[in-house]
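Participant: Provided herewith: structure30.cif, mmCIF, C-alpha atoms.
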data_input
loop_
_atom_site.label_atom_id
_atom_site.label_comp_id
_atom_site.auth_asym_id
_atom_site.auth_seq_id
_atom_site.Cartn_x
_atom_site.Cartn_y
_atom_site.Cartn_z
CA MET A 1 75.90 90.16 63.01
CA SER A 2 74.20 88.87 59.86
CA THR A 3 73.37 85.18 59.50
CA GLU A 4 75.67 84.90 56.49
CA LEU A 5 78.63 86.26 58.44
CA LEU A 6 77.77 84.00 61.34
CA THR A 7 77.69 80.84 59.23
CA THR A 8 80.92 81.63 57.32
CA SER A 9 82.67 82.60 60.54
CA LEU A 10 81.48 79.48 62.26
CA SER A 11 82.74 77.24 59.47
CA ILE A 12 86.16 78.93 59.61
CA LEU A 13 86.27 78.75 63.38
CA LEU A 14 85.18 75.11 63.50
CA HIS A 15 88.04 74.24 61.14
CA GLY A 16 90.30 76.10 63.53
CA LEU A 17 88.84 74.20 66.46
CA VAL A 18 89.75 70.90 64.79
CA ALA A 19 93.36 72.10 64.45
CA THR A 20 93.34 73.23 68.09
CA LEU A 21 92.09 69.83 69.23
CA LEU A 22 94.64 67.95 67.10
CA LEU A 23 97.45 70.14 68.42
CA SER A 24 96.20 69.65 71.98
CA ALA A 25 95.96 65.87 71.63
CA ALA A 26 99.44 65.52 70.15
CA SER A 27 100.96 67.82 72.77
CA ILE A 28 99.18 66.05 75.62
CA VAL A 29 100.70 62.74 74.53
CA GLY A 30 104.16 64.28 74.08
CA GLY A 31 104.01 66.32 77.27
CA THR A 32 102.88 63.37 79.38
CA LEU A 33 105.69 61.13 78.08
CA ILE A 34 108.33 63.82 78.61
CA GLY A 35 106.92 64.73 82.01
CA LEU A 36 106.82 61.12 83.22
CA LEU A 37 110.37 60.54 82.02
CA ALA A 38 111.62 63.72 83.71
CA ALA A 39 109.84 62.87 86.97
CA VAL A 40 111.22 59.33 87.06
CA LEU A 41 114.73 60.53 86.23
CA ARG A 42 114.53 63.21 88.87
CA SER A 43 113.35 60.84 91.59
CA PHE A 44 115.28 57.67 90.74
CA GLY A 45 117.77 58.51 88.01
CA PRO A 46 121.48 58.29 88.59
CA TRP A 47 123.09 61.49 89.86
CA GLY A 48 123.78 63.16 86.51
CA SER A 49 120.37 62.55 84.97
CA ALA A 50 118.54 63.75 88.10
CA ARG A 51 120.44 67.02 87.78
CA VAL A 52 119.54 67.38 84.11
CA ALA A 53 115.87 66.64 84.82
CA LYS A 54 115.84 69.27 87.56
CA LEU A 55 117.49 71.84 85.29
CA TYR A 56 114.90 71.06 82.61
CA THR A 57 111.91 71.64 84.89
CA GLU A 58 113.37 74.79 86.43
CA LEU A 59 114.25 76.20 83.01
CA PHE A 60 110.81 75.80 81.46
CA ARG A 61 108.89 76.74 84.57
CA GLY A 62 110.75 80.04 84.62
CA THR A 63 110.30 81.12 81.00
CA PRO A 64 107.22 81.91 78.89
CA VAL A 65 105.89 79.33 76.45
CA LEU A 66 105.97 81.94 73.68
CA ILE A 67 109.76 82.13 73.96
CA THR A 68 110.01 78.34 73.80
CA LEU A 69 107.88 78.33 70.65
CA MET A 70 109.89 81.09 68.99
CA PHE A 71 113.12 79.40 69.96
CA ILE A 72 112.05 76.19 68.27
CA TYR A 73 110.43 77.78 65.25
CA PHE A 74 113.14 80.30 64.44
CA GLY A 75 116.00 78.30 65.95
CA VAL A 76 115.51 75.31 63.65
CA SER A 77 115.47 77.51 60.58
CA TYR A 78 118.64 79.19 61.85
CA PHE A 79 120.44 75.87 61.48
CA GLY A 80 119.20 75.60 57.92
CA TYR A 81 116.27 73.22 58.39
CA ALA A 82 112.62 74.00 57.91
CA ILE A 83 110.05 73.03 60.51
CA ASP A 84 106.32 72.88 59.99
CA VAL A 85 104.43 75.29 62.30
CA PHE A 86 102.27 72.45 63.57
CA ALA A 87 105.33 70.35 64.41
CA ALA A 88 106.97 73.33 66.10
CA GLY A 89 103.77 73.84 68.11
CA VAL A 90 103.61 70.21 69.20
CA VAL A 91 107.30 70.10 70.15
CA GLY A 92 107.17 73.46 71.94
CA LEU A 93 104.02 72.75 73.92
CA SER A 94 105.14 69.19 74.78
CA VAL A 95 108.52 70.30 76.04
CA TYR A 96 107.06 73.26 77.91
CA GLN A 97 104.11 71.51 79.54
CA GLY A 98 106.31 68.45 80.15
CA ALA A 99 108.13 70.48 82.79
CA TYR A 100 104.89 71.22 84.65
CA ILE A 101 103.60 67.66 84.18
CA ALA A 102 106.91 66.36 85.58
CA GLU A 103 106.25 68.30 88.79
CA VAL A 104 102.74 66.84 88.99
CA PHE A 105 104.10 63.30 88.63
CA ARG A 106 106.92 63.96 91.07
CA SER A 107 104.59 65.16 93.81
CA GLY A 108 102.51 62.04 93.18
CA ILE A 109 105.55 59.77 93.45
CA GLU A 110 106.64 61.51 96.63
CA ALA A 111 103.15 61.18 98.10
CA VAL A 112 103.57 57.40 98.25
CA PRO A 113 104.94 56.71 101.75
CA GLU A 114 108.61 55.82 102.07
CA GLY A 115 107.65 52.74 104.11
CA GLN A 116 106.14 51.04 101.06
CA TRP A 117 109.51 51.10 99.33
CA GLU A 118 111.11 49.48 102.35
CA VAL A 119 108.40 46.85 102.67
CA SER A 120 108.65 45.99 98.96
CA GLN A 121 112.39 45.64 99.30
CA ILE A 122 111.99 43.30 102.26
CA LEU A 123 109.47 41.28 100.26
CA GLY A 124 112.17 40.84 97.64
CA LEU A 125 110.95 43.17 94.91
CA GLY A 126 113.53 45.02 92.84
CA LYS A 127 113.52 48.79 92.48
CA THR A 128 111.98 48.75 89.00
CA GLN A 129 109.35 46.25 89.98
CA THR A 130 108.44 48.26 93.08
CA PHE A 131 108.07 51.37 90.98
CA PHE A 132 105.84 49.81 88.34
CA SER A 133 103.68 47.53 90.46
CA VAL A 134 103.53 49.37 93.80
CA VAL A 135 104.21 53.08 93.40
CA LEU A 136 102.91 53.92 89.91
CA PRO A 137 99.37 52.50 90.38
CA GLN A 138 98.91 54.62 93.51
CA THR A 139 100.50 57.64 91.90
CA GLY A 140 98.02 57.48 89.05
CA LYS A 141 95.09 58.02 91.36
CA ILE A 142 96.74 60.94 93.15
CA VAL A 143 97.97 62.78 90.07
CA LEU A 144 94.96 62.40 87.78
CA PRO A 145 93.08 65.57 88.87
CA PRO A 146 96.12 67.91 88.77
CA LEU A 147 97.19 66.23 85.54
CA ILE A 148 93.86 66.97 83.87
CA GLY A 149 94.19 70.52 85.21
CA GLN A 150 97.54 70.76 83.45
CA TYR A 151 96.02 69.43 80.22
CA LEU A 152 93.41 72.15 80.52
CA SER A 153 96.06 74.85 80.63
CA LEU A 154 97.80 73.13 77.71
CA ILE A 155 94.63 73.39 75.64
CA LYS A 156 94.40 77.09 76.44
CA ASP A 157 98.10 77.51 75.63
CA THR A 158 97.54 76.19 72.10
CA SER A 159 96.12 79.65 71.35
CA ILE A 160 99.67 81.01 71.70
CA VAL A 161 100.84 78.90 68.77
CA SER A 162 98.75 81.26 66.61
CA MET A 163 101.49 83.82 67.27
CA ILE A 164 104.00 81.82 65.24
CA GLY A 165 101.38 81.47 62.51
CA LEU A 166 99.52 78.21 62.97
CA SER A 167 95.94 78.55 61.76
CA GLU A 168 94.00 77.17 64.68
CA LEU A 169 90.95 78.56 66.48
CA MET A 170 92.55 81.78 67.75
CA HIS A 171 94.21 82.46 64.40
CA GLY A 172 90.91 81.86 62.62
CA GLY A 173 89.26 84.47 64.84
CA GLN A 174 92.04 86.98 64.13
CA ALA A 175 91.78 86.37 60.39
CA ILE A 176 88.05 87.07 60.40
CA VAL A 177 88.46 90.22 62.51
CA ASP A 178 91.22 91.44 60.16
CA ARG A 179 88.84 90.99 57.21
CA VAL A 180 85.47 92.19 58.50
CA GLY A 181 86.04 93.80 61.92
CA LYS A 182 83.43 93.17 64.60
CA PRO A 183 86.02 92.10 67.22
CA VAL A 184 83.53 91.76 70.08
CA GLU A 185 81.23 89.38 68.21
CA ILE A 186 83.95 87.26 66.60
CA TYR A 187 86.18 86.98 69.66
CA GLY A 188 83.06 86.28 71.70
CA LEU A 189 82.31 83.38 69.38
CA VAL A 190 85.89 82.14 69.73
CA ALA A 191 85.55 82.39 73.51
CA VAL A 192 82.36 80.30 73.40
CA LEU A 193 84.15 77.56 71.44
CA TYR A 194 87.08 77.46 73.88
CA PHE A 195 84.63 77.48 76.76
CA VAL A 196 82.70 74.52 75.38
CA VAL A 197 85.91 72.49 75.26
CA CYS A 198 87.38 73.62 78.59
CA PHE A 199 84.34 73.88 80.85
CA PRO A 200 83.63 70.12 81.24
CA LEU A 201 87.29 69.47 82.00
CA SER A 202 87.54 72.25 84.57
CA GLN A 203 84.33 71.10 86.26
CA TRP A 204 85.70 67.58 86.48
CA VAL A 205 88.91 68.90 88.02
CA ARG A 206 87.01 71.10 90.45
CA HIS A 207 84.92 68.14 91.53
CA HIS A 208 87.81 65.72 92.01
CA ASP A 209 90.60 67.92 93.19
CA ARG A 210 89.90 70.10 96.17
CA ARG A 211 93.48 70.03 97.34
CA SER A 212 95.46 71.20 94.33
CA LEU A 213 94.21 74.78 94.52
CA LEU A 214 96.68 75.56 97.24
CA SER A 215 99.61 74.02 95.44
CA MET B 1 130.09 84.24 65.92
CA SER B 2 131.49 86.75 68.37
CA TYR B 3 130.79 89.76 66.17
CA GLN B 4 127.13 88.76 66.23
CA TRP B 5 127.05 89.07 69.98
CA LEU B 6 128.80 92.43 69.59
CA THR B 7 125.97 93.59 67.32
CA LEU B 8 123.53 92.81 70.08
CA TRP B 9 125.63 94.72 72.63
CA GLY B 10 124.13 97.89 71.22
CA TYR B 11 120.66 96.64 72.10
CA VAL B 12 121.43 96.08 75.79
CA PRO B 13 119.73 99.34 76.93
CA GLU B 14 116.59 98.31 75.04
CA PHE B 15 116.58 94.94 76.79
CA PHE B 16 116.86 96.65 80.17
CA GLN B 17 114.02 99.04 79.33
CA ALA B 18 111.91 96.10 78.20
CA ALA B 19 112.65 94.17 81.39
CA TRP B 20 111.62 97.19 83.46
CA LEU B 21 108.36 97.48 81.51
CA THR B 22 107.71 93.75 82.02
CA LEU B 23 108.25 94.13 85.76
CA GLN B 24 106.01 97.21 85.94
CA ILE B 25 103.12 95.49 84.20
CA THR B 26 103.59 92.37 86.30
CA LEU B 27 103.39 94.27 89.58
CA LEU B 28 100.49 96.52 88.51
CA ALA B 29 98.45 93.60 87.18
CA PHE B 30 99.29 91.66 90.34
CA CYS B 31 97.76 94.44 92.46
CA VAL B 32 94.63 94.46 90.27
CA ALA B 33 94.46 90.67 90.56
CA GLN B 34 94.77 90.70 94.37
CA ILE B 35 91.96 93.21 94.78
CA LEU B 36 89.69 91.50 92.23
CA GLY B 37 90.49 88.09 93.68
CA LEU B 38 89.70 89.09 97.24
CA LEU B 39 86.47 90.86 96.24
CA THR B 40 85.39 87.88 94.14
CA ALA B 41 86.18 85.40 96.92
CA LEU B 42 84.12 87.49 99.35
CA ALA B 43 81.29 87.84 96.82
CA GLY B 44 81.39 84.08 96.27
CA ALA B 45 80.86 83.49 99.98
CA SER B 46 78.11 86.10 100.24
CA HIS B 47 74.54 85.52 101.44
CA LEU B 48 73.19 87.24 98.35
CA ALA B 49 72.61 84.81 95.49
CA PRO B 50 73.15 87.37 92.67
CA LEU B 51 76.59 88.24 94.05
CA ARG B 52 77.49 84.55 94.16
CA VAL B 53 76.32 84.05 90.57
CA VAL B 54 78.38 87.02 89.34
CA ALA B 55 81.49 85.78 91.15
CA ARG B 56 81.09 82.24 89.86
CA SER B 57 80.44 83.33 86.25
CA TYR B 58 83.48 85.61 86.29
CA ILE B 59 85.70 82.79 87.57
CA GLU B 60 84.40 80.19 85.11
CA LEU B 61 84.43 82.53 82.13
CA ILE B 62 88.04 83.55 82.69
CA ARG B 63 89.39 80.16 83.67
CA ASN B 64 87.95 78.41 80.64
CA THR B 65 89.19 80.72 77.91
CA PRO B 66 92.78 81.46 76.86
CA VAL B 67 94.43 84.58 78.24
CA LEU B 68 95.55 85.64 74.75
CA LEU B 69 91.90 85.81 73.71
CA GLN B 70 91.10 87.92 76.78
CA ILE B 71 93.90 90.32 75.89
CA PHE B 72 92.49 90.65 72.35
CA ILE B 73 88.97 91.25 73.63
CA VAL B 74 90.17 94.04 75.93
CA PHE B 75 92.48 95.65 73.39
CA PHE B 76 90.51 95.21 70.14
CA GLY B 77 87.01 94.63 71.46
CA LEU B 78 86.55 97.45 73.96
CA PRO B 79 87.37 100.26 71.46
CA SER B 80 84.40 99.18 69.32
CA LEU B 81 82.28 99.71 72.43
CA GLY B 82 83.72 103.22 72.71
CA LEU B 83 86.45 102.57 75.25
CA ASN B 84 89.93 103.25 73.88
CA LEU B 85 92.82 101.88 75.87
CA SER B 86 96.57 102.08 75.36
CA ALA B 87 98.38 98.76 75.01
CA TYR B 88 99.84 99.33 78.46
CA THR B 89 96.49 99.87 80.20
CA ALA B 90 94.83 97.09 78.21
CA GLY B 91 97.63 94.74 79.19
CA VAL B 92 97.38 95.55 82.88
CA ILE B 93 93.59 95.20 82.84
CA ALA B 94 93.51 91.97 80.83
CA LEU B 95 96.20 90.23 82.88
CA GLY B 96 94.83 91.59 86.15
CA VAL B 97 91.32 90.37 85.35
CA ASN B 98 92.71 87.01 84.23
CA VAL B 99 94.86 86.33 87.28
CA GLY B 100 92.13 87.77 89.55
CA ALA B 101 89.90 84.80 88.71
CA TYR B 102 92.64 82.37 89.70
CA MET B 103 93.36 84.35 92.86
CA ALA B 104 89.68 84.22 93.83
CA GLU B 105 89.81 80.42 93.80
CA VAL B 106 93.02 80.46 95.82
CA PHE B 107 91.56 82.82 98.43
CA ARG B 108 88.39 80.75 98.67
CA ALA B 109 90.41 77.59 99.25
CA GLY B 110 92.53 79.41 101.83
CA ILE B 111 89.53 80.59 103.81
CA GLN B 112 88.05 77.09 103.64
CA SER B 113 91.31 75.58 104.89
CA VAL B 114 90.73 77.14 108.32
CA PRO B 115 88.77 74.55 110.35
CA ARG B 116 85.17 75.58 111.12
CA GLY B 117 85.61 74.64 114.75
CA GLN B 118 88.02 77.52 115.27
CA ILE B 119 85.48 80.01 113.97
CA GLU B 120 82.82 78.56 116.25
CA ALA B 121 85.20 78.57 119.21
CA ALA B 122 86.15 82.19 118.53
CA GLY B 123 82.45 83.05 118.39
CA ILE B 124 81.83 81.37 121.73
CA LEU B 125 84.79 83.27 123.20
CA GLY B 126 82.89 86.44 122.32
CA LEU B 127 84.76 87.69 119.24
CA GLY B 128 82.78 89.60 116.64
CA ARG B 129 82.48 88.50 113.01
CA ALA B 130 85.02 91.04 111.73
CA GLN B 131 87.41 90.26 114.54
CA ILE B 132 87.19 86.52 113.85
CA PHE B 133 87.91 87.09 110.17
CA ILE B 134 90.87 89.39 110.78
CA GLU B 135 92.47 87.73 113.78
CA VAL B 136 91.64 84.05 113.37
CA VAL B 137 90.89 83.23 109.74
CA LEU B 138 93.08 85.66 107.79
CA PRO B 139 96.52 84.87 109.34
CA GLN B 140 96.07 81.13 108.86
CA ALA B 141 94.51 81.46 105.42
CA ALA B 142 97.32 83.80 104.32
CA ARG B 143 99.94 81.26 105.35
CA ALA B 144 98.17 78.41 103.58
CA VAL B 145 97.67 80.47 100.45
CA TYR B 146 101.05 82.19 100.21
CA PRO B 147 102.82 79.61 97.99
CA ALA B 148 99.90 79.67 95.56
CA ILE B 149 99.98 83.48 95.43
CA VAL B 150 103.68 83.41 94.58
CA ASN B 151 102.99 80.78 91.95
CA ASN B 152 100.40 83.05 90.37
CA LEU B 153 102.81 86.00 90.45
CA ILE B 154 105.36 83.99 88.47
CA GLN B 155 102.69 82.84 86.00
CA LEU B 156 101.69 86.48 85.62
CA LEU B 157 105.27 87.49 84.87
CA LEU B 158 105.50 84.83 82.17
CA GLY B 159 102.06 85.83 80.88
CA THR B 160 103.20 89.37 80.13
CA SER B 161 105.06 87.90 77.13
CA LEU B 162 101.68 87.59 75.38
CA LEU B 163 101.34 91.38 75.40
CA SER B 164 103.81 91.41 72.51
CA ALA B 165 100.75 90.41 70.45
CA ILE B 166 99.28 93.89 71.04
CA ALA B 167 102.64 95.52 70.19
CA LEU B 168 103.69 96.40 73.72
CA PRO B 169 107.49 96.70 73.84
CA GLU B 170 108.03 94.41 76.83
CA LEU B 171 110.71 91.71 76.81
CA THR B 172 109.22 89.42 74.18
CA GLY B 173 107.95 92.29 72.03
CA THR B 174 111.37 93.92 72.09
CA ALA B 175 113.01 90.58 71.29
CA THR B 176 110.84 90.06 68.20
CA VAL B 177 111.65 93.58 67.00
CA ILE B 178 115.40 93.11 67.54
CA ASN B 179 115.13 89.69 65.96
CA ALA B 180 113.51 91.16 62.87
CA ARG B 181 116.17 93.88 62.68
CA THR B 182 119.28 91.73 63.23
CA LEU B 183 118.07 88.24 62.24
CA LEU B 184 120.14 86.84 65.11
CA TYR B 185 117.47 84.40 66.28
CA ILE B 186 119.46 82.25 68.66
CA GLN B 187 121.30 85.10 70.35
CA THR B 188 118.26 87.37 70.74
CA PHE B 189 116.03 84.68 72.16
CA SER B 190 118.80 83.35 74.43
CA ILE B 191 119.17 86.79 75.99
CA THR B 192 115.38 87.03 76.40
CA LEU B 193 115.21 83.57 77.92
CA ILE B 194 117.91 84.45 80.44
CA ALA B 195 116.19 87.74 81.24
CA TYR B 196 112.96 85.89 82.08
CA LEU B 197 114.84 83.31 84.15
CA VAL B 198 116.57 86.05 86.13
CA LEU B 199 113.31 87.96 86.67
CA SER B 200 111.27 84.92 87.71
CA ASN B 201 113.98 83.59 90.03
CA CYS B 202 114.53 87.02 91.61
CA LEU B 203 110.80 87.40 92.25
CA SER B 204 110.46 83.95 93.81
CA TRP B 205 113.63 84.51 95.88
CA ILE B 206 112.21 87.78 97.26
CA ALA B 207 108.89 86.05 97.95
CA GLU B 208 110.73 83.26 99.74
CA GLN B 209 112.56 85.76 101.96
CA ILE B 210 109.29 87.50 102.79
CA GLY B 211 107.63 84.15 103.56
CA ALA B 212 110.45 83.16 105.89
CA ARG B 213 110.18 86.42 107.83
CA VAL B 214 106.49 87.31 107.90
CA PHE B 215 104.94 84.00 108.90
CA GLN B 216 105.20 82.20 112.22
CA PRO B 217 106.49 79.51 111.99
CA PRO B 218 108.64 80.64 109.04
CA LEU B 219 107.30 79.48 105.69
CA MET B 220 109.96 77.77 103.57
CA LEU B 221 108.66 78.11 100.06
CA LYS B 222 110.96 75.66 98.25
CA GLN B 223 110.32 72.93 100.76
CA HIS B 224 106.63 73.68 100.74
CA THR B 225 106.22 73.39 97.00
CA ARG B 226 108.39 70.29 96.92
CA LYS B 227 106.11 68.33 99.22
CA ARG B 228 102.88 70.12 98.51
CA LEU B 229 100.69 67.05 98.23
CA LEU B 230 101.97 65.80 101.56
CA LEU B 231 101.92 69.11 103.33
CA ILE B 232 98.35 70.08 102.77
CA PRO B 233 96.68 67.91 105.35
CA ARG B 234 93.48 66.04 104.64
CA GLN B 235 91.89 67.32 107.83
CA ALA B 236 92.04 70.84 106.46
CA ASN B 237 89.56 69.98 103.73
CA ARG B 238 87.22 67.78 105.63
CA ASN B 239 84.90 70.53 106.79
#
Rewrite the structure from the file as structure tokens, please.
Facilitator:
Amino acid sequence: MSTELLTTSLSILLHGLVATLLLSAASIVGGTLIGLLAAVLRSFGPWGSARVAKLYTELFRGTPVLITLMFIYFGVSYFGYAIDVFAAGVVGLSVYQGAYIAEVFRSGIEAVPEGQWEVSQILGLGKTQTFFSVVLPQTGKIVLPPLIGQYLSLIKDTSIVSMIGLSELMHGGQAIVDRVGKPVEIYGLVAVLYFVVCFPLSQWVRHHDRRSLLS
Amino acid sequence: MSYQWLTLWGYVPEFFQAAWLTLQITLLAFCVAQILGLLTALAGASHLAPLRVVARSYIELIRNTPVLLQIFIVFFGLPSLGLNLSAYTAGVIALGVNVGAYMAEVFRAGIQSVPRGQIEAAGILGLGRAQIFIEVVLPQAARAVYPAIVNNLIQLLLGTSLLSAIALPELTGTATVINARTLLYIQTFSITLIAYLVLSNCLSWIAEQIGARVFQPPLMLKQHTRKRLLLIPRQANRN
């Protein structure tokens, strides 16, 4: 690969990487909020909402993210509105990963012993107060490693948004290969960029979370 | 509205064919992944440093890059190195190699979950190395690891949807083609969504039945995954 090709490719790919990181960040925020809401509803919500939250997690854990993305991207235009690819990507990834994140939060909530709820009640704390000041702080510690692991798979999933046409890192790589060929070199370069982002996270997870592998 | 669904009625055989192809690739890639995963886990625990380095690099390389990129490297990259693969073979290889790395980690954790003391005790009782592995470690490791294996199988099934990017007519690929032909977005993707739900739930139901029958005491998958953080005891990881 010539130096000129390398530098032009790198500048295209780095632009793509910025889009990938933006998409990841937005989806991580969205997915965490949705996941936390679904987990809380499923554990403490009134009967109807717990059912809906369960249906939501089961639905998205049983279907591919690509279908979710296509549903949102094409579905919105079907009803006569236009949606930006980036927005479709953020919504799709948030909703999809939210289902997995909800399960992470739920297992964390359930890991707090039942007895603590009873003790808090005896001490005169309300349900909401118990949740926010007793359960949630402990949950945070338990769920952080699997949560970061989920973020990691979210970052990798952003590559799938290239299939509905968002120009992020993966799409940048495809565009270069379409123009000049050299798939091994270009996709290798793309792999290096993904690796640089993901490796520190996965090492952190590996170091802090020896238990989640069997989950 | 109803005539639109009628239009899609003609595509039902294509959907069934696509679902069959999806299932085929899932099961084939799953076999590849099991073999690769077991070999890698064994290599990772080997005395030979080079084997350990190879196993570790394979796991890290695969786990830190997106699967779509791996599919592209196998399908578009290997031909430029003189190895031409059909979309079907490339799909099986790429997904198998991908899930194999995850399986290796699962197997490693499973083997580690068996307390060291048991292995030492079995050694003192006069069992050979192979016998200890097959009769003491493997049954317990398999039970500990089973839910994670099923989880990976379902992820693999959902991952086959990415093979539509290399024009393989599996469920998602077929859906995009039918979508382009009929422009019935909502209907086409609803059918596809339901097809995936049925497939993934059938697979996990079958796995649950197997788990309840093969293991002693019976392994209840739903219950197990529900309380997974509680169920995996701390003692198991202390060694």
Participant: Since I can't run it myself right now, could you work out what the PyMOL selection byres ((chain B) within 8 of (chain A)) selects here and report it as a short mmCIF file (atom, residue, chain, number, x, y, z; two decimals) with C-alpha atoms, in the frame of the given file?
Facilitator:
data_model
loop_
_atom_site.label_atom_id
_atom_site.label_comp_id
_atom_site.auth_asym_id
_atom_site.auth_seq_id
_atom_site.Cartn_x
_atom_site.Cartn_y
_atom_site.Cartn_z
CA GLU B 60 84.40 80.19 85.11
CA LEU B 61 84.43 82.53 82.13
CA ASN B 64 87.95 78.41 80.64
CA THR B 65 89.19 80.72 77.91
CA PRO B 66 92.78 81.46 76.86
CA VAL B 67 94.43 84.58 78.24
CA LEU B 68 95.55 85.64 74.75
CA LEU B 69 91.90 85.81 73.71
CA PHE B 72 92.49 90.65 72.35
CA ILE B 73 88.97 91.25 73.63
CA PHE B 76 90.51 95.21 70.14
CA GLY B 77 87.01 94.63 71.46
CA LEU B 78 86.55 97.45 73.96
CA SER B 80 84.40 99.18 69.32
CA GLU B 105 89.81 80.42 93.80
CA VAL B 106 93.02 80.46 95.82
CA ALA B 109 90.41 77.59 99.25
CA GLY B 110 92.53 79.41 101.83
CA ALA B 144 98.17 78.41 103.58
CA VAL B 145 97.67 80.47 100.45
CA PRO B 147 102.82 79.61 97.99
CA ALA B 148 99.90 79.67 95.56
CA ILE B 154 105.36 83.99 88.47
CA LEU B 158 105.50 84.83 82.17
CA GLY B 159 102.06 85.83 80.88
CA SER B 161 105.06 87.90 77.13
CA LEU B 162 101.68 87.59 75.38
CA ALA B 165 100.75 90.41 70.45
CA THR B 172 109.22 89.42 74.18
CA TYR B 185 117.47 84.40 66.28
CA ILE B 186 119.46 82.25 68.66
CA PHE B 189 116.03 84.68 72.16
CA THR B 192 115.38 87.03 76.40
CA LEU B 193 115.21 83.57 77.92
CA TYR B 196 112.96 85.89 82.08
CA LEU B 197 114.84 83.31 84.15
CA SER B 200 111.27 84.92 87.71
CA ASN B 201 113.98 83.59 90.03
CA THR B 225 106.22 73.39 97.00
CA ARG B 226 108.39 70.29 96.92
CA LYS B 227 106.11 68.33 99.22
CA ARG B 228 102.88 70.12 98.51
CA LEU B 229 100.69 67.05 98.23
CA LEU B 230 101.97 65.80 101.56
CA ILE B 232 98.35 70.08 102.77
CA ASN B 237 89.56 69.98 103.73
#
Participant: List as a ChimeraX atom specification the protein and nucleic acid residues near Tyr3 in chain B, meaning an atom at most 12 Å away when all atoms listed in the file are counted, but skip any in the same chain fewer than 6 places from it.
Facilitator: /B:9-10,184,187
Participant: Would you save the residues of that selection, restricted to C-alpha atoms, as a PDB file, in the frame of the given file?
Facilitator:
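Okay, selection_2.pdb is ready:
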ATOM      1  CA  TRP B   9     125.630  94.720  72.630  1.00  0.00           C
ATOM      2  CA  GLY B  10     124.130  97.890  71.220  1.00  0.00           C
ATOM      3  CA  LEU B 184     120.140  86.840  65.110  1.00  0.00           C
ATOM      4  CA  GLN B 187     121.300  85.100  70.350  1.00  0.00           C
TER       5      GLN B 187
END
Participant: With all atoms listed in the file as the counted atoms, please give the residues lying no more than 10 Å from Trp204 in chain A, apart from itself and same-chain residues fewer than 4 positions off, as a list of chain:residue names.
Facilitator: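 Residues near the query, excluding close chain neighbours: A:Pro145, A:Ile148, A:Gly149, A:Phe199, A:Pro200, A:His208, A:Asp209.
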Participant: When distances are computed from all atoms listed in the file, which of B:Ser113, B:Asn152, B:Thr188, B:Thr176 shows the smallest separation from Leu203 in chain B?
Facilitator: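 Smallest separation from Leu203 in chain B among the options: B:Asn152.
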Participant: To one decimal place, how far is CA of Ala19 in chain A from CA of Gln150 in chain A in Å?
Facilitator: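 One can read the CA of Ala19 in chain A to CA of Gln150 in chain A distance as 19.5 Å.
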Participant: Compare B:Thr174, B:Asn151, B:Gln17, B:Thr160 by their minimum atom-to-atom distance to Ile71 in chain B, counting all atoms listed in the file, and give me the closest one.
Facilitator: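 Comparing B:Thr174, B:Asn151, B:Gln17, B:Thr160 against Ile71 in chain B, the winner is B:Thr160.
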Participant: What are the centre and edge lengths in Å, to one decimal, of the axis-aligned box around all listed atoms of range 190-209 of chain A with 5 Å added on each side, as JSON?
Facilitator:
{"center_x": 86.5, "center_y": 74.1, "center_z": 81.5, "size_x": 18.2, "size_y": 26.7, "size_z": 33.5}
Participant: Hey, what comes out of the PyMOL selection byres ((chain A and resi 38) around 10) on this file? Could you write it as a list in words?
Facilitator: Thr32, Leu33, Ile34, Gly35, Leu36, Leu37, Ala39, Val40, Leu41, Arg42, Ser43, Phe44, Gly45, Ser49, Ala50, Val52, Ala53, Lys54, Tyr56, Thr57, Gly98, Ala99, Ile101, Ala102, Glu103, Phe105 and Arg106 of chain A
Participant: Can you pull out the residues contacting Ala33 in chain B? Cut-off 12 Å, using only C-alpha atoms, and skip same-chain residues under 5 positions away; I want them as a count of residues only.
Facilitator: 28
Participant: Which residues match the PyMOL selection byres ((chain B and resi 128-141) around 10) in the file above, as an MDAnalysis selection string?
Facilitator: chainID B and resid 106:116 118:127 142:146 215:216
